[in-house]
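Here is the file final-v2.cif (mmCIF, C-alpha atoms).
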```cif
data_work
loop_
_atom_site.label_atom_id
_atom_site.label_comp_id
_atom_site.auth_asym_id
_atom_site.auth_seq_id
_atom_site.Cartn_x
_atom_site.Cartn_y
_atom_site.Cartn_z
CA LEU T 1 -21.03 18.61 76.34
CA ILE T 2 -23.69 19.52 73.80
CA ARG T 3 -21.12 21.34 71.65
CA GLN T 4 -18.67 18.42 71.79
CA ALA T 5 -21.39 15.93 70.90
CA TYR T 6 -22.48 18.08 67.96
CA LEU T 7 -18.92 18.52 66.66
CA LYS T 8 -18.38 14.76 66.81
CA GLY T 9 -21.76 14.01 65.24
CA TRP T 10 -23.72 16.16 62.80
CA PHE T 11 -21.28 19.06 62.38
CA VAL T 12 -19.55 17.73 59.26
CA VAL T 13 -22.86 16.85 57.60
CA ASP T 14 -24.38 20.27 58.37
CA LEU T 15 -21.21 22.03 57.20
CA CYS T 16 -21.16 20.25 53.84
CA ALA T 17 -24.88 20.82 53.34
CA SER T 18 -24.49 24.54 54.12
CA LEU T 19 -21.65 25.26 51.68
CA PRO T 20 -22.72 28.01 49.22
CA LEU T 21 -22.29 25.81 46.16
CA GLY T 22 -25.64 27.02 44.85
CA PHE T 23 -24.18 30.52 44.50
CA ILE T 24 -21.14 29.11 42.69
CA SER T 25 -23.47 27.30 40.27
CA PHE T 26 -24.90 30.65 39.14
CA VAL T 27 -21.50 32.41 38.89
CA VAL T 28 -18.97 29.81 37.71
CA TRP T 29 -20.70 26.66 36.49
CA LYS T 30 -24.46 26.67 36.03
CA HIS T 31 -25.30 23.11 36.88
CA ALA T 32 -27.75 21.62 39.36
CA LEU T 33 -25.22 18.97 40.45
CA LEU T 34 -23.49 21.57 42.62
CA ARG T 35 -26.60 21.73 44.77
CA LEU T 36 -26.59 18.00 45.53
CA PRO T 37 -24.77 18.45 48.89
CA ARG T 38 -28.02 19.89 50.22
CA LEU T 39 -29.38 16.37 50.14
CA LEU T 40 -27.08 15.56 53.06
CA ARG T 41 -29.68 17.22 55.28
CA LEU T 42 -31.93 14.26 54.59
CA ALA T 43 -29.62 12.25 56.84
CA LYS T 44 -31.63 13.77 59.69
CA TYR T 45 -34.91 12.67 58.15
CA ASP T 46 -35.45 9.82 60.59
CA LEU T 47 -34.16 11.88 63.53
CA TYR T 48 -36.75 14.62 63.01
CA PHE T 49 -39.62 12.15 63.04
CA LYS T 50 -38.24 10.37 66.11
CA LEU T 51 -38.09 13.68 68.00
CA TRP T 52 -41.62 14.52 66.87
CA GLU T 53 -42.86 11.13 68.05
CA ILE T 54 -41.07 11.44 71.41
CA HIS T 55 -42.61 14.85 72.13
CA SER T 56 -46.11 13.90 70.94
CA ILE T 57 -48.80 12.18 72.96
CA ASN T 58 -51.05 9.52 71.40
CA ARG T 59 -49.95 10.48 67.88
CA GLY T 60 -47.41 7.76 67.19
CA HIS T 61 -49.42 6.03 64.47
CA PHE T 62 -50.22 9.33 62.75
CA ILE T 63 -46.54 10.37 62.76
CA ARG T 64 -45.44 7.02 61.36
CA PHE T 65 -48.03 7.32 58.59
CA ILE T 66 -46.85 10.85 57.71
CA LYS T 67 -43.24 9.63 57.70
CA LEU T 68 -44.15 6.88 55.24
CA ILE T 69 -46.01 9.28 52.93
CA VAL T 70 -43.19 11.86 52.99
CA GLY T 71 -40.61 9.18 52.21
CA LEU T 72 -42.69 7.89 49.30
CA VAL T 73 -43.16 11.39 47.89
CA LEU T 74 -39.40 11.99 48.11
CA VAL T 75 -38.73 8.82 46.11
CA PHE T 76 -41.24 9.91 43.47
CA HIS T 77 -39.60 13.34 43.40
CA TRP T 78 -36.07 11.98 42.84
CA TRP T 79 -37.09 9.51 40.14
CA GLY T 80 -39.16 12.17 38.39
CA CYS T 81 -36.23 14.60 38.40
CA ILE T 82 -33.92 11.90 37.01
CA TYR T 83 -36.45 11.18 34.24
CA ILE T 84 -36.72 14.84 33.18
CA ALA T 85 -32.93 15.31 33.48
CA THR T 86 -32.48 12.33 31.16
CA ALA T 87 -34.85 13.95 28.69
CA TYR T 88 -32.77 17.14 28.73
CA TRP T 89 -29.65 15.04 28.22
CA LEU T 90 -30.86 12.79 25.39
CA GLY T 91 -33.47 15.16 23.97
CA PHE T 92 -37.21 15.37 24.48
CA GLY T 93 -39.07 13.12 22.08
CA SER T 94 -35.89 11.40 20.91
CA SER T 95 -37.48 8.06 21.83
CA GLU T 96 -40.86 6.74 22.92
CA TRP T 97 -39.52 6.21 26.45
CA LEU T 98 -38.80 9.92 26.98
CA PRO T 99 -41.38 12.73 27.30
CA GLU T 100 -42.85 14.19 24.12
CA GLU T 101 -40.99 16.98 22.36
CA HIS T 102 -43.55 19.64 23.34
CA VAL T 103 -42.87 19.01 27.06
CA GLU T 104 -39.51 20.79 26.71
CA ASN T 105 -41.31 24.08 26.03
CA GLU T 106 -43.76 23.66 28.91
CA THR T 107 -43.42 25.38 32.27
CA LEU T 108 -41.27 23.90 35.03
CA ALA T 109 -44.42 22.93 36.94
CA VAL T 110 -45.77 20.94 33.97
CA GLN T 111 -42.42 19.19 33.49
CA TYR T 112 -42.24 18.36 37.20
CA PHE T 113 -45.77 16.94 37.20
CA HIS T 114 -44.92 14.90 34.10
CA GLY T 115 -41.84 13.43 35.77
CA PHE T 116 -43.62 12.87 39.10
CA PHE T 117 -46.45 11.01 37.37
CA TRP T 118 -43.98 8.84 35.47
CA ALA T 119 -42.15 7.97 38.70
CA ALA T 120 -45.38 7.10 40.53
CA ASN T 121 -46.49 5.02 37.55
CA ILE T 122 -43.27 3.00 37.22
CA ILE T 123 -43.06 2.30 40.98
CA THR T 124 -46.72 1.49 41.69
CA GLY T 125 -47.65 0.05 38.30
CA GLU T 126 -50.80 2.17 38.29
CA GLY T 127 -51.62 4.88 35.74
CA GLY T 128 -51.17 3.09 32.43
CA ALA T 129 -48.52 1.22 30.51
CA VAL T 130 -44.96 2.56 30.66
CA GLU T 131 -43.08 2.82 27.37
CA ARG T 132 -40.17 0.41 27.04
CA PRO T 133 -36.63 1.85 26.84
CA THR T 134 -35.09 1.92 23.38
CA ASN T 135 -31.34 2.19 24.03
CA ASP T 136 -28.73 1.08 26.57
CA ILE T 137 -28.78 4.34 28.56
CA GLU T 138 -32.54 4.17 28.99
CA ARG T 139 -32.37 0.47 29.85
CA GLY T 140 -29.68 1.14 32.46
CA ILE T 141 -31.70 3.92 34.12
CA THR T 142 -34.87 1.83 34.05
CA LEU T 143 -33.01 -1.17 35.50
CA VAL T 144 -31.60 0.86 38.41
CA ILE T 145 -34.98 2.43 39.15
CA ALA T 146 -36.76 -0.94 38.94
CA PHE T 147 -34.19 -2.58 41.22
CA ILE T 148 -34.46 0.13 43.88
CA SER T 149 -38.25 0.25 43.49
CA ILE T 150 -38.41 -3.38 44.65
CA PHE T 151 -36.93 -2.36 48.00
CA VAL T 152 -39.12 0.76 48.16
CA VAL T 153 -42.29 -1.29 47.67
CA ALA T 154 -41.08 -3.91 50.17
CA ILE T 155 -40.42 -1.18 52.77
CA ILE T 156 -43.85 0.36 52.15
CA ILE T 157 -45.63 -2.98 52.49
CA GLY T 158 -43.67 -3.83 55.65
CA ASN T 159 -44.38 -0.44 57.26
CA VAL T 160 -48.07 -0.55 56.38
CA ALA T 161 -48.41 -4.09 57.73
CA ASP T 162 -46.60 -3.10 60.94
CA LEU T 163 -48.76 0.01 61.27
CA VAL T 164 -52.01 -1.95 60.82
CA ALA T 165 -50.84 -4.58 63.30
CA SER T 166 -49.99 -1.96 65.92
CA LEU T 167 -53.35 -0.26 65.36
CA SER T 168 -55.10 -3.59 65.90
CA VAL T 169 -53.18 -4.15 69.14
CA SER T 170 -54.06 -0.64 70.36
CA ALA T 171 -57.72 -1.08 69.46
CA GLU T 172 -57.87 -4.44 71.25
CA GLU T 173 -56.21 -2.95 74.34
CA PHE T 174 -58.71 -0.07 74.31
CA ARG T 175 -61.70 -2.46 74.07
CA ARG T 176 -60.30 -4.55 76.95
CA LYS T 177 -59.96 -1.50 79.19
CA ILE T 178 -63.45 -0.27 78.31
CA HIS T 179 -64.85 -3.70 79.14
CA GLN T 180 -63.09 -3.69 82.52
CA LEU T 181 -64.40 -0.19 83.19
CA ASN T 182 -67.99 -1.23 82.41
CA ILE T 183 -67.74 -4.24 84.73
CA PHE T 184 -66.33 -2.04 87.52
CA MET T 185 -69.13 0.54 87.18
CA LYS T 186 -71.85 -2.12 87.16
CA LYS T 187 -70.45 -3.76 90.28
CA ARG T 188 -70.40 -0.35 91.98
CA ARG T 189 -73.94 0.31 90.72
CA LEU T 190 -73.08 3.79 89.54
CA PRO T 191 -75.90 5.95 88.07
CA GLU T 192 -76.30 5.74 84.32
CA ASN T 193 -75.55 9.42 83.72
CA LEU T 194 -72.34 9.13 85.78
CA GLN T 195 -71.31 6.03 83.83
CA MET T 196 -71.78 7.96 80.60
CA ARG T 197 -69.66 10.85 81.86
CA ILE T 198 -66.89 8.46 82.95
CA ARG T 199 -66.90 6.72 79.57
CA THR T 200 -66.75 10.04 77.73
CA TYR T 201 -63.87 11.25 79.89
CA TYR T 202 -61.99 7.96 79.46
CA VAL T 203 -62.41 7.96 75.66
CA ASN T 204 -61.26 11.58 75.36
CA GLU T 205 -58.23 10.99 77.59
CA ILE T 206 -57.19 7.81 75.77
#
```
Rewrite the structure from the file as structure tokens, please.
Amino acid sequence: LIRQAYLKGWFVVDLCASLPLGFISFVVWKHALLRLPRLLRLAKYDLYFKLWEIHSINRGHFIRFIKLIVGLVLVFHWWGCIYIATAYWLGFGSSEWLPEEHVENETLAVQYFHGFFWAANIITGEGGAVERPTNDIERGITLVIAFISIFVVAIIIGNVADLVASLSVSAEEFRRKIHQLNIFMKKRRLPENLQMRIRTYYVNEI
């Protein structure tokens, strides 16, 4: 049953993502586009976090926060890579919108950081003014990124609001239970040191 479910579900995705196109890119056609099928593995992105959340105890909010951060970093990564790839295509320093000419001779890490910073800047609006595009190709790329960024920001705001709301509900539920526990212990006239031990145990368990 497990094998049949896998063959009808994720088998095709895993097969396409596992094709050795990266090896072909070094032998036949040296181009990073041949490695794009690896991105199909991201289809399981949400599934991995759901499994983590199911098998974790009292860590749901932390897992949701990590999921949000990882998703945001991935978006920054993709936009940064597109920005640097555009610079290689049109030429570094060919316009004010693209990275300076000296960036082409920098290490891969410096280029990646440059692209990542640009992506974070254009999505969040923090980090300084972004140069305006100077031709139709740059305008088209900027328009697509800006359009998708609207949905990215909306998703982030919605997830953060939902996370804060759920934290508030959990905190209120915890205070209510602690209040009920205190009333119960006072009615039973339990010793103060025993009350302290019960509270400590309850807080650690919750």
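Considering all atoms listed in the file, the residue among T:Ser18, T:Tyr201, T:Pro191, T:Val160 positioned nearest to Phe62 of chain T is T:Val160.
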Exercise for the section: Could you state which residues are captured by the PyMOL selection byres ((chain T and resi 77) around 9) in this file, as a PyMOL selection string? Expected result: chain T and resi 72-76+78-82+112+115-116+119-120
Problem - Picked residues, the PyMOL selection byres ((chain T and resi 156) around 12), as number ranges by chain - result: T: 64-65, 67-73, 75, 123-124, 149-155, 157-163
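You will find atom CA of Trp97 of chain T at 5.2 Å from atom CA of Pro133 of chain T.
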Practice task
For each of T:Phe184, T:Tyr83, T:Phe174, T:Trp52, take the minimum atom-to-atom distance to Phe117 of chain T, counting only C-alpha atoms, then give the residue where this is smallest.
Solution key: T:Tyr83
Problem - d(atom CA of Cys16 of chain T, atom CA of Ile2 of chain T) in Å - result: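 Atom-to-atom, atom CA of Cys16 of chain T to atom CA of Ile2 of chain T, that is 20.1 Å.
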Practice task
Run the PyMOL selection byres ((chain T and resi 90-93) around 12) against the file shown and list the residues it catches, as a list in words.
Solution key: Tyr83, Ile84, Ala85, Thr86, Ala87, Tyr88, Trp89, Ser94, Ser95, Glu96, Trp97, Leu98, Pro99, Glu100, Glu101, His102, Val103, Glu104, Asn105, Glu106, Gln111, Thr134, Asn135, Asp136, Ile137 and Glu138 of chain T
